[in-house]
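*Asks:* One structure is given below, represented as structure tokens, and several questions about it will come after.
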Amino acid sequence: MPDRMRVAVLSLACAALLGVSAPAARAADAKWGWVEGSAGRWLSLPERRAGYTDNGISVELALPPGTGVAYERDGRWKPSGASLAFAVDNVNFSGNEYRRGEAYFPASATFVFGKDFLSLGIRKRIRIFFRELWDGFRPSGIRLTYAWGNHLPVGSMYRLWEEETVFIVAGPEEAGKRVTNSRDLLEDFRAAYDRAPKGPVTEVLVQAERPRGEKGTAHTSITVRFPEE
Amino acid sequence: MATRVGIVILGDEVLKGETKEANLAFMIPLLNEWGAEVALCAVLPDDVPTVVRHLRMYLEETDLLILTGGIGPTPDDITRDAVAQVAGVPLVLNEEAKAALEARSFQGGNPEYRILMAYVPEGAILIPNPLSGAPGFYIGGMAAFPGIPRLLQEMFGWVKPLVAGNRKSRITLYSMAPESSYAGIMNEVMSSHPDVGVGSYPVNEGEFRVRVVFRGAGFERTSACASQFEEKLAGVGFKVLRRTEERGDDA
């Protein structure tokens with residue numbers, strides 16, 4: 001085959017491949033790497049609508065008791081500003097924010113510093129492993145979770161797991177409102193661990209759940225933007 | 001429908017510091033939630049002429065006056081006398097109230113004095129008291145409730161149909177800006193949005209220094225006013241760190 005013919009055939013083949021794969025690639029890209037799963041161990045998925053962008057996610061949920069959803073995205077982001085907008089009309093009164101495995105937040109966003117760990121020692125790590133085996137595995141690394149609380153007052157900050165600090169950014173008295181928070185991840189990390197993070201944000205996790213035993217459907221809306229626009 | 005509501009606390013015990021007033025904190029959020037506009041609050045002494053004078057004045061400025069305290073059986077309980085004078089009617093024994101009181105006996109209570117609580121201004125509508133039987137009453141734009149918080153809280157829902165209206169939209173911005181940094185900005189946004197009420201309240205605890213509250217009849221308009229404030233605040237170097245939005249009934 002003459003060279004020019006080969007080039008032409010190859011070009012046609014490439015064009016055909018591109019033509020076929022471009023819509024598929026665009027469809028995959030439309031999620032910008034976000035992966036959906038169920039939150040918690042026994043929860044089924046709620047009615048939901050999600051919109052994805054390169055720097056965030058927006059979800060609208062109707063959560064009957066016994067449902068939950070989680071959206072995860074891996075990446076590498078310099079810790080900076082993040083904007084979190086939550087709207088929740090019904091909190092989880094059965095949730096206990098202080099107890100691992102019972103902190104059922106009606107809306108939360110977690111920023112994971114996957115290259116950063118606390119020095120806990122092998123025994124502690126083994127204990128955490130077995131606890132997570134029961135309560136559900138958490139992303140590894142230090143985590144900052146911003147949550148709509150069920151009982152705690154707005155502004156509460158506490159260590160839920162050794163490597164997870166929770167900031168209550170809205171509370172039960174605000175049910176029915178839309179609450180937007182502008183957070184500086186770097187400053188919050190410093191406030192929680194008294195030092196700067198050793199690495200970037202490697203994962204973002206957006207969750208909503210409504211445990212069995214709650215009464216009525218909760219309507220939740222979560223919009224997370226990072227870095228903040 | 002009443003929209004402008006006044007609250008009058010009656011009792012020397014509050015003015016003399018014998019009792020800590022605890023009902024306003026309960027009533028005001030509820031009235032706002034129900035769509036009423038709380039236009040005034042006052043504490044008056046146990047003196048009939050003073051109370052009558054003030055009630056007449058307040059009635060000119062409000063659609064409904066909520067009175068708490070002073071409807072018990074002792075001589076310092078003067079609310080029913082004052083309300084009867086303002087309404088221009090005598091106090092009469094209300095048979096329904098009498099029956100409600102007689103249905104509950106109190107150990108050691110003196111029926112002769114207890115029955116005084118069944119005297120209400122002629123033509124008044126009773127406000128049921130499911131706990132003690134001693135009713136409140138409503139007449140001429142005045143609703144009288146007991147001052148005991150437990151009783152008031154149990155009876156207060158009676159007012160809701162009288163005051164129900166369109167709840168306003170409310171947007172609150174939280175920041176670390178000192179009040180003086182945005183006093184001028186407040187003036188500007190209040191001028192460009194005269195239909196939106198704007199208030200600045202220092203917060204002395206937590207993550208923020210101040211909160212600025214915007215209240216308006218339309219959500220979009222209220223939101224636009226808050227956003228204009230937010231933009232201008234950014235112009236002087238301060239960021240809004242938290243924003244809460246509560247849609248009113250008209251939204």
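Residue numbers start at 1 in each chain; chains themselves are named A, B, ... in the order of the structure tokens; ligands are numbered from 1 in the order shown.
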Residues near Gly197 in chain B, anyone? I mean within 12 Å using only C-alpha atoms, not counting same-chain ones fewer than 6 positions away, as a PyMOL selection string.
*Replies:* chain B and resi 168-172+186-187+189-191+212-218+221-223+225-226
*Asks:* Using only C-alpha atoms and a cut-off of 7 Å, which residues of chain B sit close to chain A? Please list them as a PyMOL selection string.
*Replies:* chain B and resi 206-207+241-246
*Asks:* Could you tell me which of A:Leu186, A:Leu118, A:Leu160, A:Leu205 comes closest to Trp34 in chain A if we count only C-alpha atoms?
*Replies:* A:Leu205
*Asks:* Could you list, as an NGL selection string, every residue within 8 Å of Gly141 in chain B, counting only C-alpha atoms and ignoring same-chain residues fewer than 2 positions away?
*Replies:* :B and (59 or 63-65 or 138-139 or 143)
*Asks:* Generate a file of the selected residues that holds N, CA and C atoms, formatted as a short mmCIF file (atom, residue, chain, number, x, y, z; two decimals), in the first residue's frame.
*Replies:*
```
data_model
loop_
_atom_site.label_atom_id
_atom_site.label_comp_id
_atom_site.auth_asym_id
_atom_site.auth_seq_id
_atom_site.Cartn_x
_atom_site.Cartn_y
_atom_site.Cartn_z
N LEU B 59 -53.47 49.85 71.39
CA LEU B 59 -54.47 49.33 70.45
C LEU B 59 -54.55 50.18 69.18
N ASP B 63 -52.93 45.46 65.73
CA ASP B 63 -54.18 44.78 65.41
C ASP B 63 -54.59 43.84 66.54
N LEU B 64 -53.60 43.41 67.30
CA LEU B 64 -53.88 42.48 68.39
C LEU B 64 -52.89 42.72 69.52
N LEU B 65 -53.42 42.76 70.74
CA LEU B 65 -52.54 42.85 71.91
C LEU B 65 -52.61 41.53 72.66
N TYR B 138 -60.57 36.63 75.30
CA TYR B 138 -60.29 37.54 74.20
C TYR B 138 -61.47 38.48 74.01
N ILE B 139 -61.14 39.77 73.92
CA ILE B 139 -62.19 40.74 73.62
C ILE B 139 -61.55 42.01 73.05
N ALA B 143 -56.04 39.72 73.86
CA ALA B 143 -56.09 38.32 74.27
C ALA B 143 -55.29 38.18 75.56
#
```
*Asks:* Skip range 28-31 of chain B itself and residues of its chain fewer than 5 positions away, then list as a VMD selection string all residues within 9 Å of it, counting only C-alpha atoms.
*Replies:* chain B and resid 5 7 23 36 to 38 159 to 160 163 to 164
*Asks:* So that I have them on file, write out the residues from the current selection with N, CA and C atoms, as a PDB file, in the first residue's frame.
*Replies:*
```pdb
ATOM      1  N   VAL B   5     -48.737  42.843  65.937  1.00  0.00           N
ATOM      2  CA  VAL B   5     -49.076  42.331  67.268  1.00  0.00           C
ATOM      3  C   VAL B   5     -48.252  43.043  68.325  1.00  0.00           C
ATOM      4  N   ILE B   7     -47.196  42.893  72.515  1.00  0.00           N
ATOM      5  CA  ILE B   7     -47.185  41.997  73.682  1.00  0.00           C
ATOM      6  C   ILE B   7     -47.056  42.855  74.936  1.00  0.00           C
ATOM      7  N   ASN B  23     -41.645  34.589  79.043  1.00  0.00           N
ATOM      8  CA  ASN B  23     -42.612  34.284  77.981  1.00  0.00           C
ATOM      9  C   ASN B  23     -42.288  34.920  76.630  1.00  0.00           C
ATOM     10  N   ALA B  36     -46.926  36.825  61.870  1.00  0.00           N
ATOM     11  CA  ALA B  36     -47.280  38.101  62.497  1.00  0.00           C
ATOM     12  C   ALA B  36     -46.064  39.018  62.551  1.00  0.00           C
ATOM     13  N   GLU B  37     -46.353  40.298  62.688  1.00  0.00           N
ATOM     14  CA  GLU B  37     -45.260  41.249  62.881  1.00  0.00           C
ATOM     15  C   GLU B  37     -45.368  41.757  64.317  1.00  0.00           C
ATOM     16  N   VAL B  38     -44.384  41.420  65.125  1.00  0.00           N
ATOM     17  CA  VAL B  38     -44.423  41.886  66.520  1.00  0.00           C
ATOM     18  C   VAL B  38     -43.981  43.347  66.518  1.00  0.00           C
ATOM     19  N   VAL B 159     -53.913  31.571  69.570  1.00  0.00           N
ATOM     20  CA  VAL B 159     -53.709  32.855  68.881  1.00  0.00           C
ATOM     21  C   VAL B 159     -53.426  32.678  67.392  1.00  0.00           C
ATOM     22  N   LYS B 160     -52.917  31.528  67.040  1.00  0.00           N
ATOM     23  CA  LYS B 160     -52.404  31.335  65.669  1.00  0.00           C
ATOM     24  C   LYS B 160     -53.390  31.757  64.565  1.00  0.00           C
ATOM     25  N   VAL B 163     -53.512  35.539  63.942  1.00  0.00           N
ATOM     26  CA  VAL B 163     -52.341  36.284  63.453  1.00  0.00           C
ATOM     27  C   VAL B 163     -51.779  35.730  62.153  1.00  0.00           C
ATOM     28  N   ALA B 164     -52.279  34.565  61.738  1.00  0.00           N
ATOM     29  CA  ALA B 164     -51.646  33.909  60.591  1.00  0.00           C
ATOM     30  C   ALA B 164     -51.608  34.840  59.390  1.00  0.00           C
TER      31      ALA B 164
END
```
*Asks:* Would you mind listing what lies within 6 Å of range 114-126 of chain B as a count of residues only, with only C-alpha atoms counted and same-chain residues fewer than 3 positions away left out?
*Replies:* 16
*Asks:* Glu97 in chain A: which residues within 9 Å, counting only C-alpha atoms, same-chain residues fewer than 3 positions away excluded, as a tab-separated table (two decimals) with C-alpha atoms, in the first residue's frame?
*Replies:*
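out_34.tsv was written with the following content:
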```tsv
chain	number	residue	atom	x	y	z
A	100	ARG	CA	-18.91	6.41	65.48
A	102	GLU	CA	-24.28	6.40	64.67
A	103	ALA	CA	-23.39	9.81	63.31
A	104	TYR	CA	-26.06	9.72	60.62
A	105	PHE	CA	-25.82	13.15	59.06
A	149	GLY	CA	-26.03	18.26	62.70
A	150	ASN	CA	-28.94	16.44	64.29
A	151	HIS	CA	-28.56	17.69	67.85
A	152	LEU	CA	-25.34	19.68	68.20
A	160	LEU	CA	-15.33	11.74	65.58
A	166	VAL	CA	-16.39	17.13	62.16
```
*Asks:* What does the distance from CA of Val198 in chain B to CA of Ala22 in chain B come to in Å, to one decimal?
*Replies:*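 Between CA of Val198 in chain B and CA of Ala22 in chain B the gap is 26.8 Å.
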*Asks:* Excluding same-chain residues fewer than 6 positions from Asp188 in chain A, what lies within 10 Å of it counting only C-alpha atoms, as a list in words?
*Replies:*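 The filter keeps Pro79, Ser80, Leu144, Met157, Thr165, Phe167, Asp194, Arg195 and Ala196 of chain A.
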*Asks:* For the selection just defined, write its residues with N, CA and C atoms to a file, as an mmCIF file, in the first residue's frame.
*Replies:*
```cif
data_model
loop_
_atom_site.group_PDB
_atom_site.id
_atom_site.type_symbol
_atom_site.label_atom_id
_atom_site.label_comp_id
_atom_site.auth_asym_id
_atom_site.auth_seq_id
_atom_site.Cartn_x
_atom_site.Cartn_y
_atom_site.Cartn_z
ATOM 1 N N PRO A 79 -5.426 22.375 49.203
ATOM 2 C CA PRO A 79 -6.470 22.782 50.162
ATOM 3 C C PRO A 79 -6.654 24.304 50.155
ATOM 4 N N SER A 80 -7.850 24.722 49.818
ATOM 5 C CA SER A 80 -8.113 26.169 49.795
ATOM 6 C C SER A 80 -9.568 26.384 50.176
ATOM 7 N N LEU A 144 -11.674 16.033 56.954
ATOM 8 C CA LEU A 144 -12.469 17.133 57.508
ATOM 9 C C LEU A 144 -13.891 16.953 56.995
ATOM 10 N N MET A 157 -17.147 21.711 66.765
ATOM 11 C CA MET A 157 -16.045 21.049 66.055
ATOM 12 C C MET A 157 -15.521 19.957 66.977
ATOM 13 N N THR A 165 -12.237 14.963 61.730
ATOM 14 C CA THR A 165 -12.785 16.058 62.521
ATOM 15 C C THR A 165 -14.065 16.548 61.855
ATOM 16 N N PHE A 167 -17.115 19.345 61.583
ATOM 17 C CA PHE A 167 -17.548 20.727 61.806
ATOM 18 C C PHE A 167 -19.061 20.763 61.561
ATOM 19 N N ASP A 194 -3.697 21.457 64.471
ATOM 20 C CA ASP A 194 -2.650 22.345 64.952
ATOM 21 C C ASP A 194 -1.401 22.320 64.071
ATOM 22 N N ARG A 195 -1.576 22.056 62.818
ATOM 23 C CA ARG A 195 -0.474 22.096 61.856
ATOM 24 C C ARG A 195 -1.061 22.134 60.456
ATOM 25 N N ALA A 196 -0.202 22.420 59.477
ATOM 26 C CA ALA A 196 -0.680 22.433 58.090
ATOM 27 C C ALA A 196 -0.738 20.996 57.574
#
```
*Asks:* Using only C-alpha atoms, which of the listed residues (B:Pro149, B:Gly165, B:His193, B:Gly108) sits closest to Asp250 in chain B?
*Replies:* B:Gly165
*Asks:* Can you work out which one of B:Asp46, B:Asp195, B:Glu95, B:Glu179 has the shortest atom-to-atom distance to Ile71 in chain B, counting only C-alpha atoms?
*Replies:*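 Among the listed residues, B:Asp46 lies closest to Ile71 in chain B.
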*Asks:* Smallest atom-to-atom distance to Arg225 in chain A: which of A:Val206, A:Gly199, A:Gly37, A:Ser94, using only C-alpha atoms?
*Replies:* A:Val206
*Asks:* DSSP on the backbone, then: every residue of range 62-198 of chain A marked strand (DSSP E or B), written as a ChimeraX atom specification.
*Replies:* /A:62-63,67-77,81-88,108-113,142-148,157-161,164-170,178-184
